[in-house]
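Peer 1: Got a file for you: my_file34.pdb, PDB, C-alpha atoms.
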```pdb
ATOM      1  CA  MET T  18       5.532   3.286 -38.884
ATOM      2  CA  THR T  19       8.276   1.638 -36.831
ATOM      3  CA  GLU T  20       7.523  -0.799 -34.079
ATOM      4  CA  LYS T  21       9.191  -0.001 -30.765
ATOM      5  CA  THR T  22      10.567  -2.975 -28.895
ATOM      6  CA  GLU T  23      10.689  -2.882 -25.094
ATOM      7  CA  THR T  24      14.281  -3.565 -24.111
ATOM      8  CA  THR T  25      14.135  -2.603 -20.441
ATOM      9  CA  PRO T  26      12.302  -5.162 -18.309
ATOM     10  CA  ALA T  27       9.875  -3.698 -15.772
ATOM     11  CA  TRP T  28      10.955  -6.041 -13.007
ATOM     12  CA  LEU T  29      13.398  -8.769 -12.097
ATOM     13  CA  ALA T  30      13.142 -12.524 -12.425
ATOM     14  CA  PRO T  31      12.371 -14.212  -9.056
ATOM     15  CA  GLU T  32      15.982 -15.343  -8.505
ATOM     16  CA  GLU T  33      17.305 -11.861  -9.366
ATOM     17  CA  LEU T  34      14.803 -10.232  -7.006
ATOM     18  CA  GLU T  35      15.865 -12.539  -4.178
ATOM     19  CA  SER T  36      19.494 -11.601  -4.774
ATOM     20  CA  VAL T  37      18.786  -7.850  -4.884
ATOM     21  CA  ARG T  38      16.580  -8.006  -1.753
ATOM     22  CA  GLY T  39      19.588  -9.275   0.180
ATOM     23  CA  ARG T  40      21.808  -6.389  -0.924
ATOM     24  CA  MET T  41      19.778  -3.188  -1.150
ATOM     25  CA  PRO T  42      16.496  -1.575  -0.078
ATOM     26  CA  ILE T  43      13.522  -1.936  -2.433
ATOM     27  CA  LEU T  44      11.133   0.988  -3.079
ATOM     28  CA  TYR T  45       7.459   0.415  -2.224
ATOM     29  CA  ILE T  46       4.261   2.409  -1.886
ATOM     30  CA  ASP T  47       1.686   2.016   0.867
ATOM     31  CA  ALA T  48      -1.761   3.495   0.240
ATOM     32  CA  VAL T  49      -4.526   4.086   2.765
ATOM     33  CA  PRO T  50      -7.791   4.138   0.777
ATOM     34  CA  VAL T  51     -10.343   6.501   2.313
ATOM     35  CA  ARG T  52     -13.857   7.778   1.716
ATOM     36  CA  VAL T  53     -14.368  11.502   2.310
ATOM     37  CA  ASP T  54     -17.454  13.658   2.741
ATOM     38  CA  ASP T  55     -18.275  16.772   0.687
ATOM     39  CA  THR T  56     -15.944  18.888   2.838
ATOM     40  CA  GLY T  57     -12.983  16.506   2.455
ATOM     41  CA  VAL T  58     -13.186  14.991   5.940
ATOM     42  CA  VAL T  59     -12.235  11.321   6.076
ATOM     43  CA  THR T  60     -15.320   9.292   7.003
ATOM     44  CA  HIS T  61     -14.094   5.735   6.341
ATOM     45  CA  VAL T  62     -10.861   3.812   5.868
ATOM     46  CA  GLY T  63     -10.681   0.755   3.619
ATOM     47  CA  LEU T  64      -8.679  -2.223   4.878
ATOM     48  CA  LEU T  65      -8.004  -5.365   2.884
ATOM     49  CA  LEU T  66      -8.203  -8.844   4.323
ATOM     50  CA  ARG T  67      -5.251 -10.979   3.173
ATOM     51  CA  ILE T  68      -3.654 -14.314   3.924
ATOM     52  CA  LEU T  69       0.005 -13.814   4.838
ATOM     53  CA  SER T  70       2.824 -16.120   3.741
ATOM     54  CA  ASP T  71       2.702 -17.889   7.133
ATOM     55  CA  GLY T  72      -0.996 -18.710   6.623
ATOM     56  CA  THR T  73      -2.408 -16.152   9.082
ATOM     57  CA  VAL T  74      -5.187 -13.764   8.074
ATOM     58  CA  SER T  75      -4.475 -10.056   8.448
ATOM     59  CA  ARG T  76      -5.956  -6.634   7.709
ATOM     60  CA  ALA T  77      -3.721  -4.691   5.340
ATOM     61  CA  LEU T  78      -3.200  -1.480   3.440
ATOM     62  CA  VAL T  79      -2.733  -1.387  -0.318
ATOM     63  CA  SER T  80       0.974  -1.975  -0.822
ATOM     64  CA  GLY T  81       3.454  -2.949  -3.498
ATOM     65  CA  ARG T  82       6.747  -2.409  -5.277
ATOM     66  CA  VAL T  83       7.545   0.458  -7.600
ATOM     67  CA  LEU T  84       8.768  -0.889 -10.934
ATOM     68  CA  HIS T  85      11.894   0.261 -12.751
ATOM     69  CA  HIS T  86      11.118   3.406 -14.772
ATOM     70  CA  GLU T  87       7.637   3.747 -13.196
ATOM     71  CA  ARG T  88       6.382   7.036 -11.810
ATOM     72  CA  ILE T  89       5.140   6.951  -8.199
ATOM     73  CA  ARG T  90       1.720   8.130  -9.357
ATOM     74  CA  ASP T  91       1.530   5.225 -11.811
ATOM     75  CA  ALA T  92       2.607   2.727  -9.133
ATOM     76  CA  LEU T  93      -0.148   4.012  -6.833
ATOM     77  CA  MET T  94      -2.746   3.654  -9.602
ATOM     78  CA  ARG T  95      -1.531   0.171 -10.527
ATOM     79  CA  HIS T  96      -1.634  -1.165  -6.967
ATOM     80  CA  LEU T  97      -4.947   0.516  -6.105
ATOM     81  CA  GLU T  98      -6.547  -0.957  -9.225
ATOM     82  CA  LYS T  99      -4.942  -4.355  -8.580
ATOM     83  CA  ASP T 100      -6.284  -4.517  -5.003
ATOM     84  CA  LEU T 101      -9.512  -2.470  -5.148
ATOM     85  CA  GLY T 102     -10.677  -3.153  -8.709
ATOM     86  CA  PRO T 103     -10.793  -1.152 -11.936
ATOM     87  CA  VAL T 104     -13.697   1.118 -10.912
ATOM     88  CA  ALA T 105     -12.432   2.217  -7.473
ATOM     89  CA  LEU T 106     -11.808   5.685  -8.968
ATOM     90  CA  PRO T 107      -8.851   6.755  -6.802
ATOM     91  CA  ARG T 108      -8.259  10.511  -6.723
ATOM     92  CA  ILE T 109      -4.500  10.875  -6.814
ATOM     93  CA  PRO T 110      -3.275  14.471  -7.134
ATOM     94  CA  ALA T 111      -1.110  15.453 -10.095
ATOM     95  CA  SER T 112       1.875  15.709  -7.773
ATOM     96  CA  PRO T 113       1.367  13.202  -4.929
ATOM     97  CA  GLN T 114       3.142  13.836  -1.633
ATOM     98  CA  PRO T 115       3.569  11.043   0.944
ATOM     99  CA  PHE T 116       2.344  11.663   4.484
ATOM    100  CA  THR T 117       5.346   9.662   5.756
ATOM    101  CA  VAL T 118       8.139   7.316   4.753
ATOM    102  CA  ALA T 119       8.087   3.870   6.350
ATOM    103  CA  GLU T 120      11.305   1.874   6.522
ATOM    104  CA  TYR T 121      10.702  -1.884   6.778
ATOM    105  CA  PHE T 122      13.561  -4.070   8.055
ATOM    106  CA  PRO T 123      13.991  -7.849   8.046
ATOM    107  CA  THR T 124      15.176  -7.591  11.673
ATOM    108  CA  PRO T 125      12.215  -6.976  14.027
ATOM    109  CA  GLY T 126      12.423  -3.965  16.333
ATOM    110  CA  VAL T 127      14.642  -1.649  14.262
ATOM    111  CA  THR T 128      11.520   0.382  13.361
ATOM    112  CA  PRO T 129       7.837  -0.370  13.941
ATOM    113  CA  TYR T 130       7.759  -1.797  10.387
ATOM    114  CA  HIS T 131       8.887  -5.338   9.647
ATOM    115  CA  ASP T 132       9.269  -7.314   6.400
ATOM    116  CA  PRO T 133      11.043 -10.650   6.910
ATOM    117  CA  ARG T 134      12.013 -10.780   3.219
ATOM    118  CA  GLN T 135      13.894  -7.525   2.853
ATOM    119  CA  HIS T 136      14.834  -3.978   3.739
ATOM    120  CA  ALA T 137      12.170  -1.845   2.034
ATOM    121  CA  VAL T 138      11.510   1.875   1.945
ATOM    122  CA  SER T 139       7.860   2.747   1.433
ATOM    123  CA  LEU T 140       6.328   6.073   0.539
ATOM    124  CA  ALA T 141       2.933   6.186   2.288
ATOM    125  CA  TYR T 142      -0.087   7.991   0.834
ATOM    126  CA  ILE T 143      -3.696   8.659   1.805
ATOM    127  CA  VAL T 144      -5.860   8.222  -1.297
ATOM    128  CA  PRO T 145      -9.549   9.122  -1.497
ATOM    129  CA  VAL T 146     -11.534   6.645  -3.613
ATOM    130  CA  ALA T 147     -14.965   7.500  -5.015
ATOM    131  CA  GLY T 148     -15.971   4.386  -6.950
ATOM    132  CA  ASP T 149     -17.096   0.849  -6.328
ATOM    133  CA  CYS T 150     -14.327  -1.187  -4.691
ATOM    134  CA  ARG T 151     -14.139  -4.940  -5.225
ATOM    135  CA  PRO T 152     -11.051  -6.699  -3.833
ATOM    136  CA  ARG T 153      -8.975  -8.554  -6.404
ATOM    137  CA  GLN T 154      -5.740 -10.503  -6.688
ATOM    138  CA  ASP T 155      -4.734 -11.921  -3.290
ATOM    139  CA  ALA T 156      -7.141  -9.755  -1.270
ATOM    140  CA  LEU T 157     -10.010 -11.777   0.238
ATOM    141  CA  ASP T 158     -12.182  -8.836   1.234
ATOM    142  CA  LEU T 159     -12.299  -5.078   1.707
ATOM    143  CA  VAL T 160     -14.019  -3.601   4.759
ATOM    144  CA  TRP T 161     -14.720   0.088   5.340
ATOM    145  CA  PHE T 162     -14.128   1.183   8.948
ATOM    146  CA  THR T 163     -14.823   4.537  10.570
ATOM    147  CA  PRO T 164     -11.599   6.227  11.700
ATOM    148  CA  GLU T 165     -12.478   5.353  15.302
ATOM    149  CA  GLU T 166     -12.987   1.676  14.440
ATOM    150  CA  ALA T 167      -9.754   1.583  12.399
ATOM    151  CA  ALA T 168      -7.768   2.950  15.353
ATOM    152  CA  SER T 169      -9.377   0.559  17.832
ATOM    153  CA  PRO T 170      -7.221  -2.083  19.543
ATOM    154  CA  MET T 171      -9.293  -4.863  17.939
ATOM    155  CA  VAL T 172      -8.570  -3.723  14.361
ATOM    156  CA  GLN T 173      -4.975  -2.778  15.192
ATOM    157  CA  GLN T 174      -4.345  -6.334  16.472
ATOM    158  CA  GLU T 175      -5.511  -7.699  13.120
ATOM    159  CA  MET T 176      -2.778  -5.782  11.265
ATOM    160  CA  ALA T 177       0.717  -7.190  10.789
ATOM    161  CA  ASN T 178       4.260  -5.927  10.289
ATOM    162  CA  GLY T 179       3.649  -2.407  11.588
ATOM    163  CA  GLN T 180       0.860  -1.481   9.192
ATOM    164  CA  GLY T 181      -1.361  -0.635  12.164
ATOM    165  CA  VAL T 182       1.185   2.009  13.199
ATOM    166  CA  LEU T 183       1.175   3.364   9.649
ATOM    167  CA  LEU T 184      -2.635   3.493   9.656
ATOM    168  CA  LYS T 185      -2.659   5.461  12.924
ATOM    169  CA  GLN T 186      -0.099   7.885  11.446
ATOM    170  CA  ALA T 187      -2.399   8.370   8.447
ATOM    171  CA  LEU T 188      -5.391   9.041  10.713
ATOM    172  CA  ALA T 189      -3.349  11.544  12.739
ATOM    173  CA  HIS T 190      -2.197  13.225   9.521
ATOM    174  CA  VAL T 191      -5.814  13.908   8.494
ATOM    175  CA  GLY T 192      -6.860  14.916  12.022
ATOM    176  CA  ARG T 193      -8.980  11.811  12.660
ATOM    177  CA  LEU T 194      -7.038  10.083  15.439
ATOM    178  CA  VAL T 195      -8.928  10.539  18.690
TER     179      VAL T 195
END
```
Could I get this structure in the form of structure tokens?

Peer 2:
Amino acid sequence: MTEKTETTPAWLAPEELESVRGRMPILYIDAVPVRVDDTGVVTHVGLLLRILSDGTVSRALVSGRVLHHERIRDALMRHLEKDLGPVALPRIPASPQPFTVAEYFPTPGVTPYHDPRQHAVSLAYIVPVAGDCRPRQDALDLVWFTPEEAASPMVQQEMANGQGVLLKQALAHVGRLV
């Protein structure tokens, strides 16, 4: 049996990433974790609580980069497991389709989405989760909101960089924006 050596790195060194971020868009995924009832109607939306780079606390969606040579489905699974825990049991279809594409710019105001580090293009998905969710990595907490609570001005104000807009688009996509 021959041993296969990995010759293609999955991601860039920090200095390489910084250089690339200044020259080209980076591909991301955004995932809106939801709980659904027996008929498939969204009953709750899961929002993470994170500390941003500037020290502020914010509600957030599951989000992250897609690695070189990684399928979108695999990136969704990796980030959902990283943020929600290994037994969240996300139900990602065999052929996932985004509900929208969000384009984040380092310059505020170009789109509703802002990322001061880079120009990023994010494929946004709504993902039902059936298991026990326990926030991990840099997430402080996970709170389940009803769709009405998630769309409320109070929760929307707690979201940064346009993710509140993305959340409202997700709720509208599933017919839960009132």

Peer 1: For the structure provided, state which residues fall under the PyMOL selection byres ((chain T and resi 169) around 12), and present them as a PyMOL selection string.

Peer 2: chain T and resi 162-168+170-176+181-182+184-185+188+194-195

Peer 1: For the provided coordinates, the residues matched by the PyMOL selection byres ((chain T and resi 107-123) around 10) should be stated as a PDB file with C-alpha atoms, keeping the file's coordinate frame.

Peer 2:
```
ATOM      1  CA  GLY T  39      19.588  -9.275   0.180  1.00  0.00           C
ATOM      2  CA  PRO T  42      16.496  -1.575  -0.078  1.00  0.00           C
ATOM      3  CA  ILE T  43      13.522  -1.936  -2.433  1.00  0.00           C
ATOM      4  CA  LEU T  44      11.133   0.988  -3.079  1.00  0.00           C
ATOM      5  CA  TYR T  45       7.459   0.415  -2.224  1.00  0.00           C
ATOM      6  CA  ILE T  46       4.261   2.409  -1.886  1.00  0.00           C
ATOM      7  CA  ASP T  47       1.686   2.016   0.867  1.00  0.00           C
ATOM      8  CA  ALA T  48      -1.761   3.495   0.240  1.00  0.00           C
ATOM      9  CA  PRO T  50      -7.791   4.138   0.777  1.00  0.00           C
ATOM     10  CA  VAL T  51     -10.343   6.501   2.313  1.00  0.00           C
ATOM     11  CA  ARG T  52     -13.857   7.778   1.716  1.00  0.00           C
ATOM     12  CA  ILE T  89       5.140   6.951  -8.199  1.00  0.00           C
ATOM     13  CA  ARG T  90       1.720   8.130  -9.357  1.00  0.00           C
ATOM     14  CA  ASP T  91       1.530   5.225 -11.811  1.00  0.00           C
ATOM     15  CA  LEU T  93      -0.148   4.012  -6.833  1.00  0.00           C
ATOM     16  CA  MET T  94      -2.746   3.654  -9.602  1.00  0.00           C
ATOM     17  CA  LEU T  97      -4.947   0.516  -6.105  1.00  0.00           C
ATOM     18  CA  GLU T  98      -6.547  -0.957  -9.225  1.00  0.00           C
ATOM     19  CA  LEU T 101      -9.512  -2.470  -5.148  1.00  0.00           C
ATOM     20  CA  PRO T 103     -10.793  -1.152 -11.936  1.00  0.00           C
ATOM     21  CA  VAL T 104     -13.697   1.118 -10.912  1.00  0.00           C
ATOM     22  CA  ALA T 105     -12.432   2.217  -7.473  1.00  0.00           C
ATOM     23  CA  LEU T 106     -11.808   5.685  -8.968  1.00  0.00           C
ATOM     24  CA  THR T 124      15.176  -7.591  11.673  1.00  0.00           C
ATOM     25  CA  PRO T 125      12.215  -6.976  14.027  1.00  0.00           C
ATOM     26  CA  GLY T 126      12.423  -3.965  16.333  1.00  0.00           C
ATOM     27  CA  VAL T 127      14.642  -1.649  14.262  1.00  0.00           C
ATOM     28  CA  THR T 128      11.520   0.382  13.361  1.00  0.00           C
ATOM     29  CA  PRO T 129       7.837  -0.370  13.941  1.00  0.00           C
ATOM     30  CA  TYR T 130       7.759  -1.797  10.387  1.00  0.00           C
ATOM     31  CA  HIS T 131       8.887  -5.338   9.647  1.00  0.00           C
ATOM     32  CA  ASP T 132       9.269  -7.314   6.400  1.00  0.00           C
ATOM     33  CA  PRO T 133      11.043 -10.650   6.910  1.00  0.00           C
ATOM     34  CA  ARG T 134      12.013 -10.780   3.219  1.00  0.00           C
ATOM     35  CA  GLN T 135      13.894  -7.525   2.853  1.00  0.00           C
ATOM     36  CA  HIS T 136      14.834  -3.978   3.739  1.00  0.00           C
ATOM     37  CA  ALA T 137      12.170  -1.845   2.034  1.00  0.00           C
ATOM     38  CA  VAL T 138      11.510   1.875   1.945  1.00  0.00           C
ATOM     39  CA  SER T 139       7.860   2.747   1.433  1.00  0.00           C
ATOM     40  CA  LEU T 140       6.328   6.073   0.539  1.00  0.00           C
ATOM     41  CA  ALA T 141       2.933   6.186   2.288  1.00  0.00           C
ATOM     42  CA  TYR T 142      -0.087   7.991   0.834  1.00  0.00           C
ATOM     43  CA  ILE T 143      -3.696   8.659   1.805  1.00  0.00           C
ATOM     44  CA  VAL T 144      -5.860   8.222  -1.297  1.00  0.00           C
ATOM     45  CA  PRO T 145      -9.549   9.122  -1.497  1.00  0.00           C
ATOM     46  CA  VAL T 146     -11.534   6.645  -3.613  1.00  0.00           C
ATOM     47  CA  ALA T 147     -14.965   7.500  -5.015  1.00  0.00           C
ATOM     48  CA  GLY T 148     -15.971   4.386  -6.950  1.00  0.00           C
ATOM     49  CA  CYS T 150     -14.327  -1.187  -4.691  1.00  0.00           C
ATOM     50  CA  ASN T 178       4.260  -5.927  10.289  1.00  0.00           C
ATOM     51  CA  GLY T 179       3.649  -2.407  11.588  1.00  0.00           C
ATOM     52  CA  GLN T 180       0.860  -1.481   9.192  1.00  0.00           C
ATOM     53  CA  VAL T 182       1.185   2.009  13.199  1.00  0.00           C
ATOM     54  CA  LEU T 183       1.175   3.364   9.649  1.00  0.00           C
ATOM     55  CA  GLN T 186      -0.099   7.885  11.446  1.00  0.00           C
ATOM     56  CA  ALA T 187      -2.399   8.370   8.447  1.00  0.00           C
ATOM     57  CA  HIS T 190      -2.197  13.225   9.521  1.00  0.00           C
ATOM     58  CA  VAL T 191      -5.814  13.908   8.494  1.00  0.00           C
TER      59      VAL T 191
END
```

Peer 1: Find the smallest box with edges along x, y and z containing every listed atom of segment 162-181 of chain T, then add 5 Å on each side and report centre and edge lengths in Å to one decimal, as JSON.

Peer 2:
```
{"center_x": -5.3, "center_y": -0.7, "center_z": 14.2, "size_x": 29.1, "size_y": 23.9, "size_z": 20.6}
```

Peer 1: Tell me which of T:Val79, T:Val160, T:Val74, T:Ala189 sits closest to His61 of chain T, counting only C-alpha atoms.

Peer 2: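 Selected residue with least distance to His61 of chain T: T:Val160.
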
Peer 1: Pick out the closest residue to Trp161 of chain T from this set: T:Gly63, T:Ile68, T:Glu32, T:Val49. Count all atoms listed in the file.

Peer 2: T:Gly63

Peer 1: If we count all atoms listed in the file, what is near Leu69 of chain T at a cut-off of 10 Å, once residues fewer than 5 positions away on the same chain are taken out, given as a list in words?

Peer 2: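 The neighbour list is Val74, Ser75, Arg76, Ala77, Asp155 and Ala177 of chain T.
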
Peer 1: Between atom CA of Ser70 of chain T and atom CA of Leu157 of chain T, measure the distance and give it in Å to one decimal.

Peer 2: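 Computed distance, atom CA of Ser70 of chain T to atom CA of Leu157 of chain T, equals 14.0 Å.
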
Peer 1: Mind giving me the straight-line distance from atom CA of Arg95 of chain T to atom CA of Leu159 of chain T in Å, one decimal?

Peer 2: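 Interatomic distance, atom CA of Arg95 of chain T to atom CA of Leu159 of chain T: 17.1 Å.
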
Peer 1: What is the atom CA of Glu35 of chain T-atom CA of His85 of chain T distance in Å, reported with one decimal?

Peer 2: 15.9 Å
